[in-house]
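Asker: Here you go, query_29.cif (mmCIF, C-alpha atoms and all ligand atoms):
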```cif
data_protein
loop_
_atom_site.group_PDB
_atom_site.id
_atom_site.type_symbol
_atom_site.label_atom_id
_atom_site.label_comp_id
_atom_site.auth_asym_id
_atom_site.auth_seq_id
_atom_site.Cartn_x
_atom_site.Cartn_y
_atom_site.Cartn_z
ATOM 1 C CA MET A 1 14.367 102.645 143.400
ATOM 2 C CA GLN A 2 15.114 105.570 145.601
ATOM 3 C CA ALA A 3 12.309 107.518 144.021
ATOM 4 C CA ARG A 4 9.863 104.707 144.628
ATOM 5 C CA LEU A 5 10.765 104.639 148.277
ATOM 6 C CA GLU A 6 10.350 108.370 148.591
ATOM 7 C CA LEU A 7 6.843 108.059 147.303
ATOM 8 C CA ARG A 8 5.963 105.384 149.783
ATOM 9 C CA LEU A 9 6.760 107.843 152.495
ATOM 10 C CA TRP A 10 4.494 110.569 151.230
ATOM 11 C CA LEU A 11 1.557 108.556 150.146
ATOM 12 C CA THR A 12 0.995 106.378 153.130
ATOM 13 C CA GLY A 13 0.357 109.160 155.564
ATOM 14 C CA ARG A 14 3.518 108.314 157.391
ATOM 15 C CA ILE A 15 5.006 111.745 157.171
ATOM 16 C CA ALA A 16 5.160 111.899 160.927
ATOM 17 C CA MET A 17 7.061 108.634 160.810
ATOM 18 C CA THR A 18 9.884 109.952 158.685
ATOM 19 C CA GLU A 19 12.417 109.449 161.388
ATOM 20 C CA ARG A 20 11.398 105.883 161.951
ATOM 21 C CA PHE A 21 11.896 105.100 158.291
ATOM 22 C CA LYS A 22 15.220 106.842 157.983
ATOM 23 C CA PRO A 23 17.269 104.105 159.641
ATOM 24 C CA GLY A 24 16.513 102.023 156.573
ATOM 25 C CA GLY A 25 18.826 104.415 154.800
ATOM 26 C CA SER A 26 16.862 104.699 151.577
ATOM 27 C CA LEU A 27 14.475 107.513 152.234
ATOM 28 C CA THR A 28 15.403 110.974 151.138
ATOM 29 C CA ARG A 29 13.016 113.824 151.149
ATOM 30 C CA VAL A 30 12.111 115.028 147.705
ATOM 31 C CA ARG A 31 13.321 118.548 148.128
ATOM 32 C CA THR A 32 14.515 121.457 146.090
ATOM 33 C CA ARG A 33 15.769 124.469 147.947
ATOM 34 C CA GLY A 34 14.720 127.956 147.045
ATOM 35 C CA PHE A 35 11.853 126.939 144.821
ATOM 36 C CA LYS A 36 10.217 129.666 142.882
ATOM 37 C CA HIS A 37 7.665 129.859 140.190
ATOM 38 C CA GLY A 38 9.276 128.781 136.976
ATOM 39 C CA GLY A 39 8.309 130.069 133.637
ATOM 40 C CA SER A 40 6.529 133.148 132.549
ATOM 41 C CA PRO A 41 2.857 133.527 131.879
ATOM 42 C CA ARG A 42 3.809 135.665 128.924
ATOM 43 C CA ALA A 43 1.699 134.550 126.037
ATOM 44 C CA ALA A 44 3.051 136.603 123.179
ATOM 45 C CA GLY A 45 4.024 135.205 119.856
ATOM 46 C CA PHE A 46 1.918 132.131 119.445
ATOM 47 C CA CYS A 47 -1.157 131.287 117.526
ATOM 48 C CA LEU A 48 -2.383 128.139 119.167
ATOM 49 C CA ALA A 49 -5.895 129.455 119.037
ATOM 50 C CA ALA A 50 -5.796 129.239 115.294
ATOM 51 C CA MET A 51 -4.410 125.727 115.322
ATOM 52 C CA VAL A 52 -6.746 124.072 117.722
ATOM 53 C CA SER A 53 -10.101 124.537 119.296
ATOM 54 C CA ALA A 54 -11.132 124.068 122.860
ATOM 55 C CA VAL A 55 -13.717 121.445 123.528
ATOM 56 C CA ILE A 56 -16.111 121.379 126.381
ATOM 57 C CA ALA A 57 -17.746 118.023 126.839
ATOM 58 C CA SER A 58 -20.725 117.835 129.105
ATOM 59 C CA THR A 59 -21.345 114.118 129.007
ATOM 60 C CA ALA A 60 -19.278 111.185 130.144
ATOM 61 C CA THR A 61 -17.877 109.289 127.227
ATOM 62 C CA ALA A 62 -15.116 106.808 126.632
ATOM 63 C CA ALA A 63 -11.619 108.187 126.634
ATOM 64 C CA GLN A 64 -10.768 109.891 123.399
ATOM 65 C CA ALA A 65 -7.478 110.601 121.757
ATOM 66 C CA PRO A 66 -6.417 114.074 122.875
ATOM 67 C CA SER A 67 -5.284 116.598 120.352
ATOM 68 C CA MET A 68 -1.535 116.455 120.151
ATOM 69 C CA ALA A 69 -0.746 120.001 121.153
ATOM 70 C CA GLY A 70 -4.171 121.429 121.627
ATOM 71 C CA PHE A 71 -6.225 122.644 124.497
ATOM 72 C CA PRO A 72 -7.551 120.259 127.102
ATOM 73 C CA ASP A 73 -10.793 118.421 126.583
ATOM 74 C CA PHE A 74 -12.589 119.854 129.602
ATOM 75 C CA VAL A 75 -15.339 117.724 131.103
ATOM 76 C CA GLU A 76 -18.113 119.378 133.086
ATOM 77 C CA ILE A 77 -18.438 118.162 136.654
ATOM 78 C CA PRO A 78 -21.818 119.095 138.139
ATOM 79 C CA ALA A 79 -22.118 120.701 141.564
ATOM 80 C CA GLY A 80 -22.945 118.500 144.492
ATOM 81 C CA PRO A 81 -21.633 116.613 147.493
ATOM 82 C CA PHE A 82 -19.559 113.439 147.507
ATOM 83 C CA THR A 83 -18.110 111.116 150.100
ATOM 84 C CA MET A 84 -14.419 111.827 150.687
ATOM 85 C CA GLY A 85 -11.919 109.651 152.478
ATOM 86 C CA ALA A 86 -11.857 106.002 153.450
ATOM 87 C CA ASP A 87 -11.775 104.253 156.770
ATOM 88 C CA PRO A 88 -8.964 101.768 157.389
ATOM 89 C CA ALA A 89 -11.192 100.171 160.006
ATOM 90 C CA THR A 90 -13.715 99.088 157.400
ATOM 91 C CA ASP A 91 -11.602 99.085 154.228
ATOM 92 C CA PRO A 92 -8.340 97.211 154.729
ATOM 93 C CA ARG A 93 -6.915 98.818 151.600
ATOM 94 C CA ALA A 94 -7.184 102.337 153.036
ATOM 95 C CA PHE A 95 -4.126 104.095 154.380
ATOM 96 C CA ASP A 96 -4.284 105.904 157.686
ATOM 97 C CA ASN A 97 -4.225 109.347 156.061
ATOM 98 C CA GLU A 98 -7.511 108.600 154.268
ATOM 99 C CA ARG A 99 -9.489 108.471 157.494
ATOM 100 C CA TRP A 100 -11.676 111.532 157.998
ATOM 101 C CA SER A 101 -11.190 112.079 161.697
ATOM 102 C CA PRO A 102 -10.566 110.135 164.884
ATOM 103 C CA SER A 103 -14.315 109.678 165.274
ATOM 104 C CA GLN A 104 -15.433 109.414 161.658
ATOM 105 C CA GLY A 105 -14.256 107.221 158.777
ATOM 106 C CA GLU A 106 -15.477 109.309 155.862
ATOM 107 C CA GLY A 107 -16.780 112.814 155.315
ATOM 108 C CA THR A 108 -19.102 114.655 152.954
ATOM 109 C CA VAL A 109 -17.752 117.543 150.906
ATOM 110 C CA GLU A 110 -19.725 119.917 148.720
ATOM 111 C CA VAL A 111 -18.028 120.771 145.429
ATOM 112 C CA ALA A 112 -19.193 123.583 143.156
ATOM 113 C CA ALA A 113 -19.517 122.934 139.445
ATOM 114 C CA PHE A 114 -16.241 123.009 137.566
ATOM 115 C CA TYR A 115 -14.454 121.385 134.641
ATOM 116 C CA LEU A 116 -11.596 118.922 134.730
ATOM 117 C CA ALA A 117 -9.444 117.915 131.772
ATOM 118 C CA ARG A 118 -10.181 114.449 130.445
ATOM 119 C CA HIS A 119 -6.459 113.716 130.156
ATOM 120 C CA GLU A 120 -3.203 114.361 131.912
ATOM 121 C CA VAL A 121 -1.278 117.236 130.287
ATOM 122 C CA THR A 122 0.836 115.741 127.507
ATOM 123 C CA VAL A 123 4.418 116.339 126.507
ATOM 124 C CA ALA A 124 3.146 118.015 123.327
ATOM 125 C CA GLN A 125 0.872 120.346 125.270
ATOM 126 C CA TYR A 126 3.639 121.285 127.686
ATOM 127 C CA ALA A 127 6.029 121.835 124.773
ATOM 128 C CA ALA A 128 3.600 124.396 123.352
ATOM 129 C CA PHE A 129 3.797 126.269 126.658
ATOM 130 C CA VAL A 130 7.595 126.128 126.695
ATOM 131 C CA ASN A 131 7.833 127.260 123.089
ATOM 132 C CA ALA A 132 5.475 130.167 123.656
ATOM 133 C CA THR A 133 6.932 131.428 126.904
ATOM 134 C CA LYS A 134 10.560 130.313 126.692
ATOM 135 C CA ALA A 135 10.063 128.987 130.196
ATOM 136 C CA PRO A 136 13.100 127.186 131.595
ATOM 137 C CA VAL A 137 12.658 123.467 131.145
ATOM 138 C CA ASP A 138 14.412 120.394 132.493
ATOM 139 C CA ALA A 139 16.057 118.252 129.816
ATOM 140 C CA ASN A 140 13.889 115.288 130.821
ATOM 141 C CA THR A 141 10.593 117.143 130.684
ATOM 142 C CA LEU A 142 10.176 117.177 126.917
ATOM 143 C CA ALA A 143 12.073 113.952 126.256
ATOM 144 C CA GLY A 144 8.983 111.740 126.314
ATOM 145 C CA GLN A 145 6.685 110.839 123.462
ATOM 146 C CA PRO A 146 4.334 113.705 122.511
ATOM 147 C CA THR A 147 1.245 111.764 123.579
ATOM 148 C CA HIS A 148 2.707 110.704 126.911
ATOM 149 C CA PRO A 149 1.889 112.636 130.079
ATOM 150 C CA VAL A 150 4.431 115.321 130.767
ATOM 151 C CA THR A 151 6.663 114.425 133.703
ATOM 152 C CA PHE A 152 9.675 115.898 135.481
ATOM 153 C CA VAL A 153 7.524 118.936 136.227
ATOM 154 C CA THR A 154 7.529 120.634 139.593
ATOM 155 C CA TRP A 155 4.463 122.066 141.285
ATOM 156 C CA PRO A 156 5.522 125.605 140.258
ATOM 157 C CA ASN A 157 5.946 124.365 136.673
ATOM 158 C CA ALA A 158 2.361 123.090 136.758
ATOM 159 C CA ILE A 159 1.118 126.413 138.152
ATOM 160 C CA ALA A 160 2.994 128.318 135.445
ATOM 161 C CA TYR A 161 1.390 126.114 132.785
ATOM 162 C CA CYS A 162 -2.061 126.851 134.216
ATOM 163 C CA ARG A 163 -1.423 130.610 134.101
ATOM 164 C CA TRP A 164 -0.218 130.409 130.533
ATOM 165 C CA LEU A 165 -3.142 128.257 129.403
ATOM 166 C CA GLU A 166 -5.558 130.702 131.004
ATOM 167 C CA SER A 167 -3.965 133.570 129.090
ATOM 168 C CA VAL A 168 -4.245 131.603 125.858
ATOM 169 C CA LEU A 169 -7.871 130.691 126.441
ATOM 170 C CA ALA A 170 -8.699 134.318 127.211
ATOM 171 C CA THR A 171 -8.370 135.105 123.520
ATOM 172 C CA ALA A 172 -9.426 131.745 122.124
ATOM 173 C CA PRO A 173 -12.761 131.036 120.455
ATOM 174 C CA GLY A 174 -14.975 128.403 121.982
ATOM 175 C CA PRO A 175 -16.717 127.620 125.245
ATOM 176 C CA ALA A 176 -13.575 127.351 127.373
ATOM 177 C CA GLY A 177 -12.487 130.783 126.196
ATOM 178 C CA ASP A 178 -15.946 132.102 126.942
ATOM 179 C CA LEU A 179 -15.707 130.832 130.505
ATOM 180 C CA VAL A 180 -12.283 132.405 131.037
ATOM 181 C CA ARG A 181 -13.573 135.705 129.668
ATOM 182 C CA ALA A 182 -16.446 135.407 132.154
ATOM 183 C CA GLY A 183 -13.979 135.131 135.019
ATOM 184 C CA TRP A 184 -13.282 131.405 135.277
ATOM 185 C CA ARG A 185 -9.719 130.397 135.998
ATOM 186 C CA VAL A 186 -7.386 127.590 134.951
ATOM 187 C CA ARG A 187 -6.076 125.886 138.067
ATOM 188 C CA LEU A 188 -4.861 122.587 139.336
ATOM 189 C CA PRO A 189 -7.813 120.746 140.868
ATOM 190 C CA THR A 190 -8.100 120.733 144.629
ATOM 191 C CA ASP A 191 -7.705 117.546 146.623
ATOM 192 C CA ALA A 192 -11.517 117.327 146.884
ATOM 193 C CA GLN A 193 -12.269 118.216 143.272
ATOM 194 C CA TRP A 194 -9.934 115.477 142.093
ATOM 195 C CA GLU A 195 -11.408 112.840 144.382
ATOM 196 C CA LYS A 196 -14.979 113.682 143.467
ATOM 197 C CA VAL A 197 -14.242 113.174 139.787
ATOM 198 C CA ALA A 198 -12.362 109.934 140.339
ATOM 199 C CA ARG A 199 -14.819 108.486 142.805
ATOM 200 C CA GLY A 200 -18.201 109.671 141.650
ATOM 201 C CA GLY A 201 -21.214 109.457 143.907
ATOM 202 C CA ASP A 202 -21.001 105.865 145.055
ATOM 203 C CA ARG A 203 -17.813 105.744 147.123
ATOM 204 C CA ARG A 204 -16.010 103.508 144.663
ATOM 205 C CA ALA A 205 -12.446 102.496 145.342
ATOM 206 C CA TYR A 206 -11.331 102.779 141.721
ATOM 207 C CA PRO A 207 -12.688 105.081 139.026
ATOM 208 C CA TRP A 208 -14.309 102.101 137.283
ATOM 209 C CA GLY A 209 -15.569 100.257 140.367
ATOM 210 C CA ASP A 210 -14.420 98.595 143.526
ATOM 211 C CA GLN A 211 -11.804 96.198 142.191
ATOM 212 C CA PRO A 212 -8.525 96.891 140.372
ATOM 213 C CA ARG A 213 -8.589 96.302 136.621
ATOM 214 C CA LYS A 214 -5.487 96.224 134.463
ATOM 215 C CA ASP A 215 -7.600 96.929 131.383
ATOM 216 C CA ARG A 216 -8.719 100.273 132.805
ATOM 217 C CA GLY A 217 -5.577 101.943 134.084
ATOM 218 C CA ASN A 218 -1.788 101.884 133.837
ATOM 219 C CA PHE A 219 -0.426 100.532 137.122
ATOM 220 C CA GLU A 220 1.868 97.669 138.117
ATOM 221 C CA SER A 221 3.696 98.311 134.856
ATOM 222 C CA THR A 222 7.103 99.603 133.859
ATOM 223 C CA GLY A 223 6.459 102.974 132.269
ATOM 224 C CA VAL A 224 4.086 105.689 131.178
ATOM 225 C CA MET A 225 1.623 105.095 128.362
ATOM 226 C CA PRO A 226 -0.042 107.595 126.007
ATOM 227 C CA VAL A 227 -2.784 109.472 127.815
ATOM 228 C CA GLY A 228 -6.197 107.974 127.184
ATOM 229 C CA GLN A 229 -4.716 104.593 126.304
ATOM 230 C CA PHE A 230 -7.445 102.934 128.335
ATOM 231 C CA ALA A 231 -11.058 103.810 127.680
ATOM 232 C CA CYS A 232 -13.050 103.915 130.903
ATOM 233 C CA PRO A 233 -16.752 103.739 130.097
ATOM 234 C CA GLU A 234 -17.561 102.927 133.715
ATOM 235 C CA CYS A 235 -15.743 105.960 135.088
ATOM 236 C CA PRO A 236 -18.124 108.504 136.646
ATOM 237 C CA TYR A 237 -17.320 111.319 134.256
ATOM 238 C CA GLY A 238 -15.376 109.463 131.612
ATOM 239 C CA LEU A 239 -11.957 110.842 132.466
ATOM 240 C CA ALA A 240 -8.866 108.813 131.573
ATOM 241 C CA ASP A 241 -5.895 107.852 133.733
ATOM 242 C CA MET A 242 -7.337 109.136 136.997
ATOM 243 C CA SER A 243 -5.952 105.879 138.322
ATOM 244 C CA GLY A 244 -2.294 105.399 137.489
ATOM 245 C CA ASN A 245 -0.086 106.465 134.578
ATOM 246 C CA VAL A 246 1.343 109.416 136.532
ATOM 247 C CA TRP A 247 0.622 111.047 139.872
ATOM 248 C CA GLU A 248 -1.167 114.353 139.429
ATOM 249 C CA TRP A 249 -0.326 117.522 141.323
ATOM 250 C CA THR A 250 -3.248 119.266 143.020
ATOM 251 C CA SER A 251 -3.575 122.805 144.372
ATOM 252 C CA SER A 252 -3.976 121.538 147.934
ATOM 253 C CA PRO A 253 -1.264 121.630 150.554
ATOM 254 C CA TYR A 254 -1.007 118.330 152.341
ATOM 255 C CA GLN A 255 -3.010 118.513 155.562
ATOM 256 C CA PRO A 256 -4.663 115.830 157.627
ATOM 257 C CA TYR A 257 -8.381 115.326 157.128
ATOM 258 C CA PRO A 258 -11.053 116.544 157.705
ATOM 259 C CA TYR A 259 -10.608 118.308 154.385
ATOM 260 C CA ASP A 260 -11.039 122.069 154.723
ATOM 261 C CA PRO A 261 -10.269 124.275 151.737
ATOM 262 C CA SER A 262 -10.514 127.396 153.874
ATOM 263 C CA ASP A 263 -7.356 126.558 155.801
ATOM 264 C CA ASP A 264 -5.111 126.060 152.797
ATOM 265 C CA ARG A 265 -3.117 129.193 153.575
ATOM 266 C CA VAL A 266 -2.710 128.347 157.218
ATOM 267 C CA ASN A 267 0.453 126.913 158.684
ATOM 268 C CA LEU A 268 2.322 126.730 155.417
ATOM 269 C CA ASP A 269 6.007 126.706 156.082
ATOM 270 C CA ALA A 270 9.217 125.597 154.432
ATOM 271 C CA ASP A 271 8.239 121.968 154.823
ATOM 272 C CA ALA A 272 4.846 122.250 153.168
ATOM 273 C CA LEU A 273 4.013 119.377 150.857
ATOM 274 C CA TRP A 274 1.460 119.427 148.061
ATOM 275 C CA VAL A 275 -1.095 116.707 147.527
ATOM 276 C CA MET A 276 -0.844 114.543 144.433
ATOM 277 C CA ARG A 277 -3.400 111.964 143.401
ATOM 278 C CA GLY A 278 -3.986 108.766 141.514
ATOM 279 C CA GLY A 279 -0.729 106.876 141.781
ATOM 280 C CA HIS A 280 1.604 106.023 138.919
ATOM 281 C CA TYR A 281 2.473 103.292 136.441
ATOM 282 C CA GLY A 282 4.740 101.475 138.855
ATOM 283 C CA ASP A 283 2.392 101.479 141.806
ATOM 284 C CA ALA A 284 0.522 98.531 143.229
ATOM 285 C CA ALA A 285 -3.269 98.444 142.987
ATOM 286 C CA ARG A 286 -3.649 99.710 146.534
ATOM 287 C CA GLN A 287 -1.853 102.947 145.675
ATOM 288 C CA VAL A 288 -3.982 103.833 142.664
ATOM 289 C CA ARG A 289 -7.277 103.918 144.561
ATOM 290 C CA THR A 290 -9.511 106.979 144.327
ATOM 291 C CA THR A 291 -8.932 107.911 147.958
ATOM 292 C CA THR A 292 -5.160 107.409 148.090
ATOM 293 C CA ARG A 293 -3.364 110.629 149.019
ATOM 294 C CA GLY A 294 0.205 111.222 147.979
ATOM 295 C CA ALA A 295 2.198 114.347 148.684
ATOM 296 C CA ALA A 296 5.535 115.726 147.601
ATOM 297 C CA ASP A 297 7.734 118.733 148.019
ATOM 298 C CA PRO A 298 6.715 121.399 145.490
ATOM 299 C CA GLY A 299 10.171 121.217 143.946
ATOM 300 C CA ALA A 300 9.983 117.481 143.269
ATOM 301 C CA ARG A 301 10.700 116.654 139.641
ATOM 302 C CA ARG A 302 10.137 112.979 138.948
ATOM 303 C CA ALA A 303 9.455 110.561 136.105
ATOM 304 C CA PHE A 304 6.135 109.570 137.663
ATOM 305 C CA ILE A 305 4.625 112.957 138.599
ATOM 306 C CA GLY A 306 2.568 115.028 136.150
ATOM 307 C CA PHE A 307 -0.710 116.945 136.320
ATOM 308 C CA ARG A 308 -4.023 117.744 134.710
ATOM 309 C CA VAL A 309 -5.797 121.089 134.668
ATOM 310 C CA ALA A 310 -9.160 122.312 135.922
ATOM 311 C CA LEU A 311 -11.353 125.211 134.882
ATOM 312 C CA VAL A 312 -12.941 126.692 137.988
ATOM 313 C CA PRO A 313 -15.236 129.605 138.815
ATOM 314 C CA ARG A 314 -13.523 132.576 140.334
HETATM 315 CA CA CA A 401 -2.978 109.781 136.551
HETATM 316 CA CA CA A 402 -7.044 122.271 153.756
#
```
Could you render the structure as structure tokens?
Ligand SMILES: [Ca+2]
Ligand SMILES: [Ca+2]
Answerer:
Amino acid sequence: MQARLELRLWLTGRIAMTERFKPGGSLTRVRTRGFKHGGSPRAAGFCLAAMVSAVIASTATAAQAPSMAGFPDFVEIPAGPFTMGADPATDPRAFDNERWSPSQGEGTVEVAAFYLARHEVTVAQYAAFVNATKAPVDANTLAGQPTHPVTFVTWPNAIAYCRWLESVLATAPGPAGDLVRAGWRVRLPTDAQWEKVARGGDRRAYPWGDQPRKDRGNFESTGVMPVGQFACPECPYGLADMSGNVWEWTSSPYQPYPYDPSDDRVNLDADALWVMRGGHYGDAARQVRTTTRGAADPGARRAFIGFRVALVPR
């Protein structure tokens, strides 16, 4: 319960209201002191490339079963602008931190072409990283079912996974390896990249449309489900679990809109939070909207926070 309450704080844009909420006695900042990058990008001693093949999909299709311990199924997201943010004045479901500016409800953001994984990183995929690198791992992290999204991973854990996967792809056959060899990088998606993929070009509130659907995403439930459990033929690019299952870390520090990727290194301090997107299995429909912005301390390690990876041009 405490964890749920913590999340409410971050996701509703009420960070400035922390003190007001504290008298309730239940809110504790998700914080780990002295965080550092966990794990090593060392990629010696494995032969994943021989076991699996990377897949680049360029068309939106229904969710597919991911390979158990293989590379991500990267989906191509074409370049172009999208509408980011939502205006509480016109959409009663929107939280205050989704509003673009005092004078403007929504904004337009240009996103270069990139690839985003169809699925959240699974326990099996993360286990391959741990086995290859001997990265320190929390006892809870690998306790889930192999096809479940990996959880109990901090933001630095997610970054370390990205570095490792990039090093693996660099010597792997296939189109993803080719892109890495051409200079592309494995990263967490930015706040804007994530929202563009979830929302598509028509400002939809959920990846499948404007109304919540329990047959399209895992929310208002009691636990994680295997990634890709719900096919989403209506989703703009065919990605699974963009709404619900687990929150997904992004590469963006939490900052008020308007969104500006060029200021991501500005004003970072010990209290910096990182944006996470999509809501989790236990969230209400309002929290799993495409424009909902959560944020957590980079050291947060929770049962409802995971990530998915992007392949981006240098
Ligand atoms: Ca998710
Ligand atoms: Ca920014």
Asker: Can you tell me, as a list in words, what residues are no more than 12 Å from Ser103 of chain A when counting all atoms listed in the file, ignoring any on the same chain fewer than 2 positions away?
Answerer: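 Counting only the stated atoms, we get Asp87, Ala89, Arg99, Trp100, Ser101, Gly105, Glu106, Gly107, Tyr257 and Pro258 of chain A.
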Asker: Generate the output file for the selected residues, C-alpha atoms, as a short mmCIF file (atom, residue, chain, number, x, y, z; two decimals), in the coordinates of the input.
Answerer:
```cif
data_model
loop_
_atom_site.label_atom_id
_atom_site.label_comp_id
_atom_site.auth_asym_id
_atom_site.auth_seq_id
_atom_site.Cartn_x
_atom_site.Cartn_y
_atom_site.Cartn_z
CA ASP A 87 -11.78 104.25 156.77
CA ALA A 89 -11.19 100.17 160.01
CA ARG A 99 -9.49 108.47 157.49
CA TRP A 100 -11.68 111.53 158.00
CA SER A 101 -11.19 112.08 161.70
CA GLY A 105 -14.26 107.22 158.78
CA GLU A 106 -15.48 109.31 155.86
CA GLY A 107 -16.78 112.81 155.32
CA TYR A 257 -8.38 115.33 157.13
CA PRO A 258 -11.05 116.54 157.71
#
```
Asker: Taking a cut-off of 10 Å and counting only C-alpha atoms and all ligand atoms, can you build a table that, for each residue of chain A near ligand CA 401 (chain A), reports the nearest atom pair and how far apart they are in Å (one decimal), sorted by chain then residue number, as JSON lines?
Answerer:
```
{"residue": "A:His119", "atom": "CA", "partner": "A:CA401", "partner_atom": "CA", "distance": 8.3}
{"residue": "A:Glu120", "atom": "CA", "partner": "A:CA401", "partner_atom": "CA", "distance": 6.5}
{"residue": "A:Val121", "atom": "CA", "partner": "A:CA401", "partner_atom": "CA", "distance": 9.9}
{"residue": "A:Pro149", "atom": "CA", "partner": "A:CA401", "partner_atom": "CA", "distance": 8.6}
{"residue": "A:Gly217", "atom": "CA", "partner": "A:CA401", "partner_atom": "CA", "distance": 8.6}
{"residue": "A:Asn218", "atom": "CA", "partner": "A:CA401", "partner_atom": "CA", "distance": 8.4}
{"residue": "A:Phe219", "atom": "CA", "partner": "A:CA401", "partner_atom": "CA", "distance": 9.6}
{"residue": "A:Val224", "atom": "CA", "partner": "A:CA401", "partner_atom": "CA", "distance": 9.8}
{"residue": "A:Val227", "atom": "CA", "partner": "A:CA401", "partner_atom": "CA", "distance": 8.7}
{"residue": "A:Leu239", "atom": "CA", "partner": "A:CA401", "partner_atom": "CA", "distance": 9.9}
{"residue": "A:Ala240", "atom": "CA", "partner": "A:CA401", "partner_atom": "CA", "distance": 7.8}
{"residue": "A:Asp241", "atom": "CA", "partner": "A:CA401", "partner_atom": "CA", "distance": 4.5}
{"residue": "A:Met242", "atom": "CA", "partner": "A:CA401", "partner_atom": "CA", "distance": 4.4}
{"residue": "A:Ser243", "atom": "CA", "partner": "A:CA401", "partner_atom": "CA", "distance": 5.2}
{"residue": "A:Gly244", "atom": "CA", "partner": "A:CA401", "partner_atom": "CA", "distance": 4.5}
{"residue": "A:Asn245", "atom": "CA", "partner": "A:CA401", "partner_atom": "CA", "distance": 4.8}
{"residue": "A:Val246", "atom": "CA", "partner": "A:CA401", "partner_atom": "CA", "distance": 4.3}
{"residue": "A:Trp247", "atom": "CA", "partner": "A:CA401", "partner_atom": "CA", "distance": 5.1}
{"residue": "A:Glu248", "atom": "CA", "partner": "A:CA401", "partner_atom": "CA", "distance": 5.7}
{"residue": "A:Trp249", "atom": "CA", "partner": "A:CA401", "partner_atom": "CA", "distance": 9.5}
{"residue": "A:Met276", "atom": "CA", "partner": "A:CA401", "partner_atom": "CA", "distance": 9.5}
{"residue": "A:Arg277", "atom": "CA", "partner": "A:CA401", "partner_atom": "CA", "distance": 7.2}
{"residue": "A:Gly278", "atom": "CA", "partner": "A:CA401", "partner_atom": "CA", "distance": 5.2}
{"residue": "A:Gly279", "atom": "CA", "partner": "A:CA401", "partner_atom": "CA", "distance": 6.4}
{"residue": "A:His280", "atom": "CA", "partner": "A:CA401", "partner_atom": "CA", "distance": 6.4}
{"residue": "A:Tyr281", "atom": "CA", "partner": "A:CA401", "partner_atom": "CA", "distance": 8.5}
{"residue": "A:Val288", "atom": "CA", "partner": "A:CA401", "partner_atom": "CA", "distance": 8.6}
{"residue": "A:Phe304", "atom": "CA", "partner": "A:CA401", "partner_atom": "CA", "distance": 9.2}
{"residue": "A:Ile305", "atom": "CA", "partner": "A:CA401", "partner_atom": "CA", "distance": 8.5}
{"residue": "A:Gly306", "atom": "CA", "partner": "A:CA401", "partner_atom": "CA", "distance": 7.6}
{"residue": "A:Phe307", "atom": "CA", "partner": "A:CA401", "partner_atom": "CA", "distance": 7.5}
{"residue": "A:Arg308", "atom": "CA", "partner": "A:CA401", "partner_atom": "CA", "distance": 8.2}
```
Asker: For Asp215 of chain A, list every protein, DNA or RNA residue within 10 Å, evaluated using only C-alpha atoms, and leave out those in the same chain fewer than 5 positions away; present the list as a tab-separated table (two decimals) with C-alpha atoms, keeping the file's coordinate frame.
Answerer:
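Once everything was written out, this is result32.tsv:
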```tsv
chain	number	residue	atom	x	y	z
A	229	GLN	CA	-4.72	104.59	126.30
A	230	PHE	CA	-7.44	102.93	128.34
A	231	ALA	CA	-11.06	103.81	127.68
A	232	CYS	CA	-13.05	103.92	130.90
```
Asker: Apply the PyMOL selection byres (((not hetatm)) within 8 of (chain A and resi 402)) to the file shown and report the selected residues as a PyMOL selection string.
Answerer: chain A and resi 252-257+259-265
Asker: Let me know the residues the PyMOL selection byres (((chain A and resi 145) around 10) and not hetatm) catches in the file above, as a PyMOL selection string.
Answerer: chain A and resi 122-124+142-144+146-150+224-226
Asker: Could you complete segment 85-93 of chain A so that it carries N, CA and C atoms, and give it back as a short mmCIF file (atom, residue, chain, number, x, y, z; two decimals), in the coordinates of the input?
Answerer:
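Everything below was put into result25.cif:
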```cif
data_model
loop_
_atom_site.label_atom_id
_atom_site.label_comp_id
_atom_site.auth_asym_id
_atom_site.auth_seq_id
_atom_site.Cartn_x
_atom_site.Cartn_y
_atom_site.Cartn_z
N GLY A 85 -12.66 110.39 151.47
CA GLY A 85 -11.92 109.65 152.48
C GLY A 85 -12.36 108.20 152.57
N ALA A 86 -11.56 107.42 153.25
CA ALA A 86 -11.86 106.00 153.45
C ALA A 86 -11.35 105.59 154.82
N ASP A 87 -12.04 104.64 155.39
CA ASP A 87 -11.78 104.25 156.77
C ASP A 87 -10.99 102.94 156.82
N PRO A 88 -9.75 103.00 157.30
CA PRO A 88 -8.96 101.77 157.39
C PRO A 88 -9.64 100.69 158.25
N ALA A 89 -10.52 101.14 159.13
CA ALA A 89 -11.19 100.17 160.01
C ALA A 89 -12.18 99.31 159.23
N THR A 90 -12.73 99.85 158.17
CA THR A 90 -13.72 99.09 157.40
C THR A 90 -13.20 98.71 156.01
N ASP A 91 -12.20 99.43 155.51
CA ASP A 91 -11.60 99.08 154.23
C ASP A 91 -10.12 98.80 154.45
N PRO A 92 -9.74 97.56 154.42
CA PRO A 92 -8.34 97.21 154.73
C PRO A 92 -7.34 97.78 153.73
N ARG A 93 -7.83 98.24 152.58
CA ARG A 93 -6.92 98.82 151.60
C ARG A 93 -6.59 100.27 151.92
#
```
